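Have a look at final-v1.cif below; it lists mmCIF, C-alpha atoms, pLDDT in the B column; chains and numbers go by the auth columns.
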```
data_run
#
loop_
_atom_site.group_PDB
_atom_site.id
_atom_site.type_symbol
_atom_site.label_atom_id
_atom_site.label_comp_id
_atom_site.label_asym_id
_atom_site.label_seq_id
_atom_site.Cartn_x
_atom_site.Cartn_y
_atom_site.Cartn_z
_atom_site.B_iso_or_equiv
_atom_site.auth_seq_id
_atom_site.auth_asym_id
ATOM 1 C CA MET A 1 0.000 0.000 0.000 62.00 1 B
ATOM 2 C CA THR A 2 2.714 2.502 0.926 68.00 2 B
ATOM 3 C CA GLU A 3 4.371 2.168 -2.473 81.00 3 B
ATOM 4 C CA TYR A 4 1.310 3.947 -3.889 87.00 4 B
ATOM 5 C CA LEU A 5 1.452 6.878 -1.468 86.00 5 B
ATOM 6 C CA GLN A 6 3.794 9.818 -1.922 89.00 6 B
ATOM 7 C CA TYR A 7 4.731 12.370 0.728 92.00 7 B
ATOM 8 C CA ASN A 8 4.639 14.913 -2.091 92.00 8 B
ATOM 9 C CA SER A 9 4.816 18.118 -0.084 96.00 9 B
ATOM 10 C CA PRO A 10 6.954 17.546 3.015 97.00 10 B
ATOM 11 C CA VAL A 11 6.603 20.967 4.649 98.00 11 B
ATOM 12 C CA VAL A 12 2.867 21.328 4.000 98.00 12 B
ATOM 13 C CA LEU A 13 2.072 17.752 5.038 98.00 13 B
ATOM 14 C CA THR A 14 4.244 17.964 8.152 98.00 14 B
ATOM 15 C CA PHE A 15 2.561 21.276 9.035 98.00 15 B
ATOM 16 C CA PHE A 16 -0.807 19.524 8.623 98.00 16 B
ATOM 17 C CA PHE A 17 0.085 16.471 10.731 98.00 17 B
ATOM 18 C CA VAL A 18 1.727 18.469 13.539 98.00 18 B
ATOM 19 C CA SER A 19 -1.264 20.842 13.639 98.00 19 B
ATOM 20 C CA PHE A 20 -3.630 17.864 13.693 98.00 20 B
ATOM 21 C CA PHE A 21 -1.703 16.403 16.644 98.00 21 B
ATOM 22 C CA VAL A 22 -1.885 19.802 18.403 98.00 22 B
ATOM 23 C CA LEU A 23 -5.659 19.905 17.772 98.00 23 B
ATOM 24 C CA ILE A 24 -6.061 16.478 19.415 98.00 24 B
ATOM 25 C CA LEU A 25 -3.808 17.569 22.284 97.00 25 B
ATOM 26 C CA ASN A 26 -5.948 20.686 22.746 97.00 26 B
ATOM 27 C CA TRP A 27 -9.074 18.512 22.929 97.00 27 B
ATOM 28 C CA ILE A 28 -7.452 16.138 25.453 97.00 28 B
ATOM 29 C CA THR A 29 -6.209 19.005 27.657 97.00 29 B
ATOM 30 C CA LYS A 30 -9.482 20.942 27.326 96.00 30 B
ATOM 31 C CA GLY A 31 -7.710 23.997 25.899 94.00 31 B
ATOM 32 C CA ILE A 32 -4.769 24.162 28.295 96.00 32 B
ATOM 33 C CA SER A 33 -2.180 23.193 25.666 96.00 33 B
ATOM 34 C CA ASN A 34 -3.366 25.927 23.300 95.00 34 B
ATOM 35 C CA THR A 35 -3.156 28.573 26.011 94.00 35 B
ATOM 36 C CA LEU A 36 0.207 27.375 27.269 95.00 36 B
ATOM 37 C CA LEU A 37 2.002 26.582 23.991 95.00 37 B
ATOM 38 C CA PHE A 38 -0.046 27.162 20.845 95.00 38 B
ATOM 39 C CA SER A 39 -1.367 30.712 20.979 93.00 39 B
ATOM 40 C CA THR A 40 0.210 34.115 21.344 91.00 40 B
ATOM 41 C CA TYR A 41 -0.912 37.001 23.507 89.00 41 B
ATOM 42 C CA LYS A 42 0.550 39.741 25.670 89.00 42 B
ATOM 43 C CA SER A 43 2.776 38.001 28.206 88.00 43 B
ATOM 44 C CA SER A 44 5.978 38.561 30.116 88.00 44 B
ATOM 45 C CA VAL A 45 9.115 39.070 28.046 87.00 45 B
ATOM 46 C CA LEU A 46 10.937 37.144 30.788 92.00 46 B
ATOM 47 C CA SER A 47 9.036 33.934 30.063 92.00 47 B
ATOM 48 C CA PRO A 48 10.753 31.594 27.571 94.00 48 B
ATOM 49 C CA LEU A 49 7.297 30.346 26.501 94.00 49 B
ATOM 50 C CA THR A 50 6.496 33.819 25.157 93.00 50 B
ATOM 51 C CA TYR A 51 9.166 33.360 22.482 95.00 51 B
ATOM 52 C CA ILE A 52 8.195 29.775 21.672 96.00 52 B
ATOM 53 C CA ARG A 53 4.554 30.815 21.215 95.00 53 B
ATOM 54 C CA LEU A 54 5.600 33.456 18.646 95.00 54 B
ATOM 55 C CA PHE A 55 6.217 30.507 16.311 96.00 55 B
ATOM 56 C CA THR A 56 3.887 27.778 17.588 97.00 56 B
ATOM 57 C CA HIS A 57 0.641 29.763 17.590 95.00 57 B
ATOM 58 C CA CYS A 58 0.103 28.837 13.938 95.00 58 B
ATOM 59 C CA LEU A 59 -0.123 25.159 14.945 97.00 59 B
ATOM 60 C CA GLY A 60 -3.016 25.614 17.387 96.00 60 B
ATOM 61 C CA HIS A 61 -6.682 25.682 16.391 95.00 61 B
ATOM 62 C CA MET A 62 -9.789 26.164 18.507 93.00 62 B
ATOM 63 C CA ASN A 63 -11.753 23.265 17.041 94.00 63 B
ATOM 64 C CA TRP A 64 -12.189 20.938 14.082 96.00 64 B
ATOM 65 C CA SER A 65 -14.003 23.567 12.000 93.00 65 B
ATOM 66 C CA HIS A 66 -11.235 26.143 12.508 92.00 66 B
ATOM 67 C CA PHE A 67 -8.583 23.531 11.642 96.00 67 B
ATOM 68 C CA MET A 68 -10.463 22.241 8.602 97.00 68 B
ATOM 69 C CA ASN A 69 -11.147 25.696 7.155 93.00 69 B
ATOM 70 C CA ASN A 70 -7.458 26.611 7.305 94.00 70 B
ATOM 71 C CA PHE A 71 -6.052 23.327 6.067 97.00 71 B
ATOM 72 C CA LEU A 72 -8.439 22.935 3.141 96.00 72 B
ATOM 73 C CA TYR A 73 -6.737 25.982 1.634 94.00 73 B
ATOM 74 C CA ILE A 74 -3.247 25.025 2.772 97.00 74 B
ATOM 75 C CA LEU A 75 -3.528 21.491 1.370 97.00 75 B
ATOM 76 C CA LEU A 76 -5.008 22.820 -1.866 95.00 76 B
ATOM 77 C CA ILE A 77 -2.501 25.610 -2.539 94.00 77 B
ATOM 78 C CA GLY A 78 0.549 24.580 -0.503 96.00 78 B
ATOM 79 C CA PRO A 79 1.868 21.661 -2.589 96.00 79 B
ATOM 80 C CA MET A 80 1.867 23.784 -5.745 94.00 80 B
ATOM 81 C CA LEU A 81 3.785 26.535 -3.937 93.00 81 B
ATOM 82 C CA GLU A 82 6.204 24.081 -2.344 95.00 82 B
ATOM 83 C CA GLU A 83 6.935 22.574 -5.754 93.00 83 B
ATOM 84 C CA LYS A 84 7.434 26.025 -7.291 89.00 84 B
ATOM 85 C CA TYR A 85 9.470 27.697 -4.526 89.00 85 B
ATOM 86 C CA GLY A 86 11.003 24.713 -2.733 93.00 86 B
ATOM 87 C CA SER A 87 10.429 23.192 0.676 96.00 87 B
ATOM 88 C CA LEU A 88 13.043 25.286 2.480 96.00 88 B
ATOM 89 C CA ASN A 89 11.599 28.568 1.162 94.00 89 B
ATOM 90 C CA ILE A 90 8.064 27.546 2.175 95.00 90 B
ATOM 91 C CA LEU A 91 9.281 26.589 5.649 97.00 91 B
ATOM 92 C CA ILE A 92 11.097 29.919 6.016 94.00 92 B
ATOM 93 C CA MET A 93 7.997 31.804 4.841 94.00 93 B
ATOM 94 C CA ILE A 94 5.797 29.995 7.363 96.00 94 B
ATOM 95 C CA LEU A 95 8.228 30.663 10.210 96.00 95 B
ATOM 96 C CA ILE A 96 8.714 34.344 9.367 93.00 96 B
ATOM 97 C CA THR A 97 4.989 34.933 8.900 93.00 97 B
ATOM 98 C CA ALA A 98 4.275 33.231 12.234 95.00 98 B
ATOM 99 C CA LEU A 99 6.951 35.322 13.938 95.00 99 B
ATOM 100 C CA VAL A 100 5.800 38.642 12.466 93.00 100 B
ATOM 101 C CA THR A 101 2.151 37.881 13.228 91.00 101 B
ATOM 102 C CA GLY A 102 3.013 36.745 16.744 92.00 102 B
ATOM 103 C CA ILE A 103 5.103 39.822 17.520 92.00 103 B
ATOM 104 C CA ILE A 104 2.506 42.252 16.179 89.00 104 B
ATOM 105 C CA ASN A 105 -0.311 40.490 18.040 87.00 105 B
ATOM 106 C CA SER A 106 1.751 40.490 21.251 88.00 106 B
ATOM 107 C CA ILE A 107 2.315 44.221 20.932 88.00 107 B
ATOM 108 C CA ILE A 108 -1.027 45.563 19.705 84.00 108 B
ATOM 109 C CA GLY A 109 -3.428 42.620 19.800 77.00 109 B
ATOM 110 C CA LYS A 110 -6.197 42.505 22.348 77.00 110 B
ATOM 111 C CA TYR A 111 -6.871 38.786 22.130 80.00 111 B
ATOM 112 C CA GLN A 112 -5.236 35.402 22.164 87.00 112 B
ATOM 113 C CA LEU A 113 -4.186 34.495 18.612 88.00 113 B
ATOM 114 C CA LEU A 114 -3.914 30.989 17.232 92.00 114 B
ATOM 115 C CA GLY A 115 -4.332 29.209 13.929 92.00 115 B
ATOM 116 C CA ALA A 116 -2.875 29.037 10.463 94.00 116 B
ATOM 117 C CA SER A 117 -5.070 31.747 8.894 90.00 117 B
ATOM 118 C CA GLY A 118 -2.087 34.021 8.282 90.00 118 B
ATOM 119 C CA MET A 119 -0.427 31.188 6.339 92.00 119 B
ATOM 120 C CA VAL A 120 -3.617 30.704 4.317 92.00 120 B
ATOM 121 C CA PHE A 121 -3.612 34.343 3.263 88.00 121 B
ATOM 122 C CA MET A 122 0.122 34.226 2.537 91.00 122 B
ATOM 123 C CA PHE A 123 -0.424 31.143 0.353 92.00 123 B
ATOM 124 C CA ILE A 124 -3.367 32.727 -1.473 88.00 124 B
ATOM 125 C CA ILE A 125 -1.314 35.803 -2.362 86.00 125 B
ATOM 126 C CA LEU A 126 1.713 33.682 -3.321 88.00 126 B
ATOM 127 C CA SER A 127 -0.459 31.500 -5.567 86.00 127 B
ATOM 128 C CA SER A 128 -1.344 34.528 -7.660 81.00 128 B
ATOM 129 C CA LEU A 129 2.392 35.115 -8.215 79.00 129 B
ATOM 130 C CA VAL A 130 3.279 31.616 -9.447 75.00 130 B
ATOM 131 C CA ASN A 131 3.469 32.672 -13.107 70.00 131 B
ATOM 132 C CA ILE A 132 4.862 36.159 -12.550 70.00 132 B
ATOM 133 C CA GLN A 133 7.008 37.599 -15.304 64.00 133 B
ATOM 134 C CA SER A 134 9.890 39.918 -14.605 67.00 134 B
ATOM 135 C CA GLY A 135 8.820 43.522 -14.164 68.00 135 B
ATOM 136 C CA LYS A 136 5.096 42.801 -14.427 75.00 136 B
ATOM 137 C CA ILE A 137 2.414 42.748 -11.746 76.00 137 B
ATOM 138 C CA PRO A 138 -0.320 40.143 -12.321 78.00 138 B
ATOM 139 C CA ILE A 139 -3.837 41.580 -12.377 84.00 139 B
ATOM 140 C CA THR A 140 -4.974 38.507 -10.425 80.00 140 B
ATOM 141 C CA LEU A 141 -2.680 39.565 -7.580 78.00 141 B
ATOM 142 C CA ILE A 142 -4.192 43.046 -7.521 82.00 142 B
ATOM 143 C CA LEU A 143 -7.747 41.701 -7.506 86.00 143 B
ATOM 144 C CA ILE A 144 -7.073 39.054 -4.857 80.00 144 B
ATOM 145 C CA PHE A 145 -5.229 41.554 -2.685 77.00 145 B
ATOM 146 C CA ILE A 146 -7.988 44.158 -3.007 82.00 146 B
ATOM 147 C CA PHE A 147 -10.812 41.693 -2.303 81.00 147 B
ATOM 148 C CA TYR A 148 -9.122 39.946 0.607 76.00 148 B
ATOM 149 C CA ILE A 149 -7.596 42.999 2.235 75.00 149 B
ATOM 150 C CA ALA A 150 -10.734 45.121 1.790 76.00 150 B
ATOM 151 C CA ASN A 151 -12.853 42.308 3.229 75.00 151 B
ATOM 152 C CA GLU A 152 -10.538 41.902 6.222 71.00 152 B
ATOM 153 C CA ILE A 153 -10.413 45.635 6.941 72.00 153 B
ATOM 154 C CA ILE A 154 -14.210 45.905 6.742 72.00 154 B
ATOM 155 C CA ALA A 155 -14.689 42.770 8.839 67.00 155 B
ATOM 156 C CA GLY A 156 -12.114 43.972 11.365 62.00 156 B
ATOM 157 C CA ILE A 157 -13.930 47.271 11.799 62.00 157 B
ATOM 158 C CA PHE A 158 -17.566 46.183 11.703 59.00 158 B
ATOM 159 C CA LYS A 159 -17.708 42.525 12.802 58.00 159 B
ATOM 160 C CA LYS A 160 -17.472 41.409 16.378 59.00 160 B
ATOM 161 C CA ASP A 161 -16.078 37.891 16.039 53.00 161 B
ATOM 162 C CA ASN A 162 -13.171 35.768 17.203 52.00 162 B
ATOM 163 C CA VAL A 163 -11.323 36.061 13.892 52.00 163 B
ATOM 164 C CA SER A 164 -7.926 37.711 13.737 65.00 164 B
ATOM 165 C CA HIS A 165 -8.384 39.969 10.742 66.00 165 B
ATOM 166 C CA LEU A 166 -5.031 41.558 11.546 73.00 166 B
ATOM 167 C CA GLY A 167 -3.419 38.110 11.226 75.00 167 B
ATOM 168 C CA HIS A 168 -4.998 37.669 7.803 74.00 168 B
ATOM 169 C CA ILE A 169 -3.751 41.057 6.637 80.00 169 B
ATOM 170 C CA ILE A 170 -0.231 40.370 7.931 83.00 170 B
ATOM 171 C CA GLY A 171 -0.207 37.008 6.129 83.00 171 B
ATOM 172 C CA ALA A 172 -1.271 38.649 2.863 80.00 172 B
ATOM 173 C CA ILE A 173 1.373 41.365 3.192 83.00 173 B
ATOM 174 C CA CYS A 174 4.038 38.747 3.937 84.00 174 B
ATOM 175 C CA GLY A 175 2.930 36.832 0.823 84.00 175 B
ATOM 176 C CA CYS A 176 3.393 39.959 -1.305 80.00 176 B
ATOM 177 C CA ILE A 177 6.805 40.661 0.173 85.00 177 B
ATOM 178 C CA TYR A 178 7.979 37.079 -0.393 84.00 178 B
ATOM 179 C CA GLY A 179 6.591 37.007 -3.892 78.00 179 B
ATOM 180 C CA PHE A 180 8.264 40.193 -5.039 76.00 180 B
ATOM 181 C CA TYR A 181 11.465 40.464 -3.051 76.00 181 B
ATOM 182 C CA ILE A 182 12.541 37.174 -1.561 68.00 182 B
ATOM 183 C CA LEU A 183 11.530 34.791 -4.306 57.00 183 B
#
```

Rewrite the structure of this file - the entire thing - as structure tokens.
Amino acid sequence: MTEYLQYNSPVVLTFFFVSFFVLILNWITKGISNTLLFSTYKSSVLSPLTYIRLFTHCLGHMNWSHFMNNFLYILLIGPMLEEKYGSLNILIMILITALVTGIINSIIGKYQLLGASGMVFMFIILSSLVNIQSGKIPITLILIFIFYIANEIIAGIFKKDNVSHLGHIIGAICGCIYGFYIL
């Protein structure tokens, strides 16, 4: 059976499986593991866990629905991006986006932040840059950026929900930066 299966996208699949394990751990611990290790929030700069959570918050999810909504996009778009840009670049992008999102949320965020939504938005923006030609900006990038960013700004201002719209915006901005300058 295993000769028919291919671990075709090592970073994306590992991200999925680790996050799935964290989701189960969160269920077993009734939320304690997410609060302790897999979410970021304002906390003491003297605590070593503060710095670990800056990276690990993207692994934690509140529930199955939250996990599924993020990973449907990541599993759909991620393998294409990993093939195009390479596993190491995708891993670096995930880590930097998690760090930037975690730092900004720790400084100006009002709530506990967890989940891979920032990565989803980064992947969506990066996917519109897959066929970029030198010196040209794809119209699809402009449209996706306008629709997603405008929606997140409007939702962030007018909706009272548990969604980190700031995290989505940071992920999209990171995707643009990677697409144009790093890659």

I'd like to see the residues matched by the PyMOL selection byres ((chain B and resi 55-71) around 7) on this file, and ideally I'd get them as number ranges by chain.
B: 16, 19, 22-23, 34, 37-40, 52-54, 72-75, 95, 98-99, 113-117, 120

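Residues lying at most 12 Å from (4.0, 13.2, -0.1) in file coordinates, with all atoms listed in the file considered, are Thr2, Glu3, Tyr4, Leu5, Gln6, Tyr7, Asn8, Ser9, Pro10, Val11, Val12, Leu13, Thr14, Phe16, Phe17, Leu75, Gly78, Pro79, Glu82, Glu83 and Ser87 of chain B.
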
Would you tabulate, counting only C-alpha atoms, all residues of region 68-88 of chain B that have an atom at most 9 Å from an atom of region 129-133 of chain B, showing the closest pair of atoms and their distance in Å to one decimal, sorted by chain then ascending number, as JSON lines?
```
{"residue": "B:Met80", "atom": "CA", "partner": "B:Val130", "partner_atom": "CA", "distance": 8.8}
{"residue": "B:Leu81", "atom": "CA", "partner": "B:Val130", "partner_atom": "CA", "distance": 7.5}
{"residue": "B:Lys84", "atom": "CA", "partner": "B:Val130", "partner_atom": "CA", "distance": 7.3}
{"residue": "B:Tyr85", "atom": "CA", "partner": "B:Val130", "partner_atom": "CA", "distance": 8.8}
```

Put a box with edges along x, y and z around all the listed atoms of region 9-14 of chain B, pad it by 6 Å on each side, then give me its centre and sizes in Å, one decimal, as AutoDock Vina command-line options.
```
--center_x 4.5 --center_y 19.4 --center_z 4.0 --size_x 16.9 --size_y 15.8 --size_z 20.2
```

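Here the PyMOL selection byres ((chain B and resi 175) around 8) matches the residues Phe121, Met122, Phe123, Ile124, Ile125, Leu126, Gly171, Ala172, Ile173, Cys174, Cys176, Ile177, Tyr178 and Gly179 of chain B.
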
Please write the residues picked by the PyMOL selection byres ((chain B and resi 41) around 6) on this file as a list in words.
Thr40, Lys42, Ser106 and Gln112 of chain B

Rounded to one decimal, what separation in Å do you get between CA of Asn105 (chain B) and CA of Leu91 (chain B)?
20.9 Å

Quick one: distance from CA of Ile137 (chain B) to CA of Phe180 (chain B) in Å, one decimal?
9.3 Å

Interatomic distance (Å, one decimal) between CA of Ile94 (chain B) and CA of Gly118 (chain B)
8.9 Å
